[in-house]
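Here the structure is laid out as structure tokens; the discussion comes afterwards.
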Amino acid sequence: MLKTRELDKKFGAVHVTRQVSLKLERGERRVILGPNGAGKTTLFNQLVGELTPDSGSVHLAGEDVTSLTVAQRARRGLSRSYQKNTLFDGLTVEENLGLAAAVHTGHATRLWGDSLARPEVREIVQEVAEQVNLMPFIHAKVSEISYGVRRQLEVGVALATRPLVLLMDEPTSGVGPEMSKAFHDLLNNLPRDLTMLIIEHDMDLAFDVADTITVLNYGEVVFDGAPNEARGSSLLREIYLGSWEDA
Amino acid sequence: MFRHTTLRYATLALLLAGALFQALTAGYFGLEILTEILILAMLVLALDIVAGFGGMVSLCHGALMGVGAYAFTILSTSAGIAPPIAMGGAVALSGAIAWIIGAICSRSHGIYFIMATLAFGQMAYSYVFEAPIFGGDDGLSGIRRLDLSLIGLNLNDSRTFALFCLVLLGAVYGAAVLILRSGLGRSFSGVMHNEQRMRALGLTVWRVKADVFGLSGMIAGLAGTLAAQHIMYISPGLLTWTVSGEALVVVILGGLGTLVGPLVGAAAFVVLKHEISGITPYWHLAVGLILIGVVMSRSNGIFGWIEKRWGARLDRRLADATRSQDQKEVTTDA
Ligand SMILES: Nc1ncnc2c1ncn2[C@@H]1O[C@H](COP(=O)(O)OP(=O)(O)OP(=O)(O)O)[C@@H](O)[C@H]1O
Ligand SMILES: [Mg+2]
């Protein structure tokens, strides 16, 4: 469903992505692990087109999308959430989801009629709000909801474009363990055919959702395999010293 | 995103009542001032759509109005096209030019966007100034107003013309609300709130900006066709950047991104100008002081200040009223 071939990117002298080749099957849930500065977010940016790789290619559903713009890739079913909340501040939860759903349904550029009042848009908003537990806050403004709920909305907005592939950059960063656990349960309840690539810091939580695991270190894939193999890997132990001991 | 509140409806009703009263009772001079306000109001509505709801702070809207005025004049005089069709053509041309400017400038933000639009405005100005068909410094005259004798109206009468402008302004206000509430308008606001995210959701951002800028340009062009018919003479002065600057001052003075505020601003600006210029030639100083006061008060213009003080209170009082009414109904039910 999503594939990269030898992606490579340097920022000056810093080699942030080294010959990264990934492959996600339809419905696969893959977690990317790696220490701070490993190049995880930079990899996401290249997948969605916000950054251009120096070399290599990105393929979505069999099509080479390397030369397509961010918006073109998004319309082909690639959606992402951000490590730092990237929401429509000042608007309500409903409007945040509605803007995304309107793009997906093609109402976002029409001059006739209110996109947020369209039945198709409202239906998606309702469904996504239920999927990521936002119903209690649906009419609240972004400024009125807690940080943890904003993190849920961050993923909700990405989901509201009804993607084929959903990329989530540390969806539970900065929220407590309980809320993270609850959030991972939500992810597990998403449709099985949705392909997911999730950057995660916490190993335990990673194992909650992962079918497969990729570990990045210094921009390089140092592990690619099943979660139980990852548990036994001594290499990971080294990279992840602290948190690994607890696991 | 645009919302009508009780206070906004109330202000609109007051403005409308004031304009109607003035249109029906004022003498020649009062009608001239009213018409000036109505035309300026149309221009600032156009500017508020792009600046207030999309962050596209344009310094070429005066030039777009000038394009409308010149296009209407040339089409209806030397080209001999019927004035209503000439008006339509002028509006379409202003819209098309605005669309192109919007598309080209869509990647710039902040000060760079302002400078880019200023450059386009100045290009239009110098072209009109230099090209022989535009009459250079002397401008063009011999402009005729629309002939509405078929429906029994004579626009050469100041009162009828003022009412005509009022009707068009009302229609433009309605159109502005529809634009802002449409899918296109919602996405446009979304882009102002977070351009990166809108793009990541799959929106072709430049296209949305260009489309709304084009629609706004059509409104500015329509204001231009009215300005030409009002004075019945046009000169390149219409396209100078100070006209755009003044429109921006009015939008900020009134309340950016409120639609109603700029209407208040237009009325306040023209009335102040005429009142104070009667007393002292330094009326710009007074307007400057008021603008500084408004900016220092940290509210969103005159209307923003009013909204901050009374808007919430008014809505709360209404909510209380409906609630107590609901309670009454409940008690009578029981
Ligand atoms: N635009 C940029 N210009 C220069 N260097 C950058 C840029 N973006 C990221 N980097 C560098 O690239 C490296 C990888 O950054 P990246 O954000 O991808 O790491 P990450 O794995 O997401 O880390 P974290 O877990 O902290 O989010 C870092 O050393 C970072 O400083
Ligand atoms: Mg990161």
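Residue numbers start at 1 in each chain; chains themselves are named A, B, ... in the order of the structure tokens; ligands are numbered from 1 in the order shown.
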Exercise. Taking only C-alpha atoms into account, report as a VMD selection string which residues of chain B lie within 8 Å of chain A.
Key: chain B and resid 1 178 to 179 181 to 187 190 193 to 194 197 to 204 208
Residues of chain A that have any atom at most 8 Å from an atom of ligand 2: could you tabulate them with the shortest-distance atom pair and the distance in Å to one decimal, using only C-alpha atoms and all ligand atoms, ordered by chain and increasing number, as a tab-separated table?
residue	atom	partner	partner_atom_place_in_ligand_line	distance
A:Asn36	CA	ligand 2	1 (Mg)	7.1
A:Gly37	CA	ligand 2	1 (Mg)	7.0
A:Gly39	CA	ligand 2	1 (Mg)	7.0
A:Lys40	CA	ligand 2	1 (Mg)	5.5
A:Thr41	CA	ligand 2	1 (Mg)	4.0
A:Thr42	CA	ligand 2	1 (Mg)	7.2
A:Gln83	CA	ligand 2	1 (Mg)	6.2
A:Asp169	CA	ligand 2	1 (Mg)	6.7
A:Glu170	CA	ligand 2	1 (Mg)	7.4
A:Ile199	CA	ligand 2	1 (Mg)	7.9
Please, could you write that set of residues out with N, CA, C and O atoms as a compact mmCIF listing (two decimals), in the first residue's frame?
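Below is the file result.txt, written as the result:
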# COMPACT_ATOMS: atom_id res chain seq x y z
N ASN A 36 15.27 10.14 20.08
CA ASN A 36 15.15 11.53 19.63
C ASN A 36 16.16 11.85 18.54
O ASN A 36 17.32 11.49 18.65
N GLY A 37 15.69 12.49 17.51
CA GLY A 37 16.59 12.90 16.44
C GLY A 37 16.96 11.79 15.49
O GLY A 37 17.85 11.96 14.64
N GLY A 39 15.30 10.75 13.06
CA GLY A 39 14.87 11.06 11.70
C GLY A 39 13.48 10.55 11.39
O GLY A 39 13.08 10.45 10.22
N LYS A 40 12.68 10.28 12.42
CA LYS A 40 11.35 9.72 12.20
C LYS A 40 10.42 10.75 11.55
O LYS A 40 9.76 10.46 10.55
N THR A 41 10.38 11.95 12.14
CA THR A 41 9.51 12.99 11.59
C THR A 41 9.96 13.39 10.19
O THR A 41 9.14 13.61 9.29
N THR A 42 11.27 13.47 10.01
CA THR A 42 11.80 13.82 8.70
C THR A 42 11.36 12.80 7.64
O THR A 42 11.05 13.15 6.51
N GLN A 83 3.33 15.76 15.11
CA GLN A 83 3.87 15.60 16.46
C GLN A 83 3.47 16.79 17.34
O GLN A 83 3.15 16.63 18.49
N ASP A 169 2.25 10.87 13.93
CA ASP A 169 3.54 11.19 14.51
C ASP A 169 3.38 11.37 16.02
O ASP A 169 2.87 12.39 16.48
N GLU A 170 3.78 10.37 16.77
CA GLU A 170 3.67 10.37 18.23
C GLU A 170 2.30 10.88 18.70
O GLU A 170 2.20 11.90 19.39
N ILE A 199 4.48 6.66 14.59
CA ILE A 199 5.73 6.91 15.31
C ILE A 199 5.39 6.90 16.79
O ILE A 199 4.43 7.53 17.22
Considering only C-alpha atoms, return as a PDB file with N, CA and C atoms, in the first residue's frame whatever protein or nucleic-acid residues lie within 10 Å of A:Glu25, sequence-local ones (same chain, fewer than 2 positions apart) excluded.
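Full text of around_28.pdb as output:
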ATOM      1  N   MET A   1       0.833  -1.207   0.000  1.00  0.00           N
ATOM      2  CA  MET A   1       0.000   0.000   0.000  1.00  0.00           C
ATOM      3  C   MET A   1       0.870   1.261   0.000  1.00  0.00           C
ATOM      4  N   LEU A   2       1.860   1.264   0.909  1.00  0.00           N
ATOM      5  CA  LEU A   2       2.826   2.363   0.955  1.00  0.00           C
ATOM      6  C   LEU A   2       4.221   1.757   0.929  1.00  0.00           C
ATOM      7  N   LYS A   3       5.067   2.331   0.059  1.00  0.00           N
ATOM      8  CA  LYS A   3       6.387   1.752  -0.113  1.00  0.00           C
ATOM      9  C   LYS A   3       7.391   2.873  -0.329  1.00  0.00           C
ATOM     10  N   LYS A  23       8.032  -1.079   3.504  1.00  0.00           N
ATOM     11  CA  LYS A  23       6.919  -1.605   2.733  1.00  0.00           C
ATOM     12  C   LYS A  23       5.777  -1.907   3.681  1.00  0.00           C
ATOM     13  N   GLY A  27      -3.727  -2.634   5.259  1.00  0.00           N
ATOM     14  CA  GLY A  27      -4.221  -3.023   6.583  1.00  0.00           C
ATOM     15  C   GLY A  27      -3.127  -3.249   7.609  1.00  0.00           C
ATOM     16  N   GLU A  28      -1.879  -3.124   7.171  1.00  0.00           N
ATOM     17  CA  GLU A  28      -0.774  -3.340   8.110  1.00  0.00           C
ATOM     18  C   GLU A  28      -0.668  -2.171   9.098  1.00  0.00           C
ATOM     19  N   ARG A  29      -0.338  -2.507  10.352  1.00  0.00           N
ATOM     20  CA  ARG A  29      -0.122  -1.472  11.351  1.00  0.00           C
ATOM     21  C   ARG A  29       1.320  -1.553  11.795  1.00  0.00           C
ATOM     22  N   ARG A  30       2.070  -0.562  11.337  1.00  0.00           N
ATOM     23  CA  ARG A  30       3.500  -0.605  11.616  1.00  0.00           C
ATOM     24  C   ARG A  30       3.874   0.544  12.540  1.00  0.00           C
ATOM     25  N   ALA A  61      -0.144   2.961  -3.119  1.00  0.00           N
ATOM     26  CA  ALA A  61      -1.086   2.095  -3.837  1.00  0.00           C
ATOM     27  C   ALA A  61      -0.600   1.808  -5.263  1.00  0.00           C
ATOM     28  N   ASP A 193      -8.939  -2.501   7.549  1.00  0.00           N
ATOM     29  CA  ASP A 193      -8.286  -2.307   6.239  1.00  0.00           C
ATOM     30  C   ASP A 193      -7.532  -0.980   6.143  1.00  0.00           C
ATOM     31  N   THR A 195      -4.494   1.197   6.612  1.00  0.00           N
ATOM     32  CA  THR A 195      -3.061   0.994   6.803  1.00  0.00           C
ATOM     33  C   THR A 195      -2.526   2.102   7.709  1.00  0.00           C
ATOM     34  N   MET A 196      -1.760   1.729   8.727  1.00  0.00           N
ATOM     35  CA  MET A 196      -1.291   2.747   9.674  1.00  0.00           C
ATOM     36  C   MET A 196       0.211   2.673   9.879  1.00  0.00           C
TER      37      MET A 196
END
Quiz item: Closest to ligand 1 among A:Leu33, A:Ser21, A:Val93, A:His59, using only C-alpha atoms and all ligand atoms?
Solution: A:Leu33
Report as a CSV table (one decimal) with C-alpha atoms, in the first residue's frame all protein, DNA and RNA residues lying within 6 Å of stretch 216-231 of chain A, evaluated on only C-alpha atoms, omitting residues in the same chain fewer than 6 positions from it.
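Printed below is around_25.csv as written:
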chain,number,residue,atom,x,y,z
A,16,VAL,CA,18.9,12.3,8.5
A,17,THR,CA,17.5,9.6,6.2
A,18,ARG,CA,19.8,6.8,5.0
A,34,GLY,CA,13.7,5.3,17.5
A,38,ALA,CA,16.6,9.5,14.7
A,39,GLY,CA,14.9,11.1,11.7
Quiz item: Leaving out B:Leu166 and any residue of its chain fewer than 4 positions from it, which residues lie within 10 Å of it when counting only C-alpha atoms, given as a PyMOL selection string?
Solution: chain B and resi 16+19-20+23+34-35+37-39+41-42+160-162+170-172
Quiz item: Quick one: DSSP alpha helix (DSSP H) residues in stretch 140-181 of chain B, as a count of residues only?
Solution: 24
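Proximity to B:Gly68 at 10 Å, evaluated using only C-alpha atoms and with sequence-adjacent residues fewer than 3 positions away removed, yields Gly62, Ala63, Leu64, Met65, Ala71, Phe72, Thr73, Ala86, Met87, Gly88, Gly89, Ala90, Val91, Ala92, Leu93, Ser94, Gly95, Gly217, Met218, Ile219, Ala220, Gly221, Leu222, Ala223, Gly224, Thr225, Leu226, Ala227 and Ala228 of chain B.
Closest approach to B:Val191 among B:His284, B:Arg145, B:His109, B:Arg159: B:His109, based on only C-alpha atoms.
Taking only C-alpha atoms, the non-local environment of A:Phe137 within 10 Å (same-chain residues fewer than 3 positions away omitted) comprises Thr92, Val93, Glu94, Ala129, Asn133, Leu134, Ala140, Lys141, Val142, Glu144, Ile145, Val149 and Leu153 of chain A.
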Quiz prompt | Backbone-only DSSP, strand (DSSP E) members of stretch 11-243 of chain A, as a ChimeraX atom specification | solution = /A:11,14-24,29-33,55-60,63-64,78-81,165-169,195-199,212-217,220-225
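Nearest residue to A:Val58, choosing from A:Arg5, A:Pro177, A:Ile32, A:Thr105 and counting only C-alpha atoms: A:Arg5.
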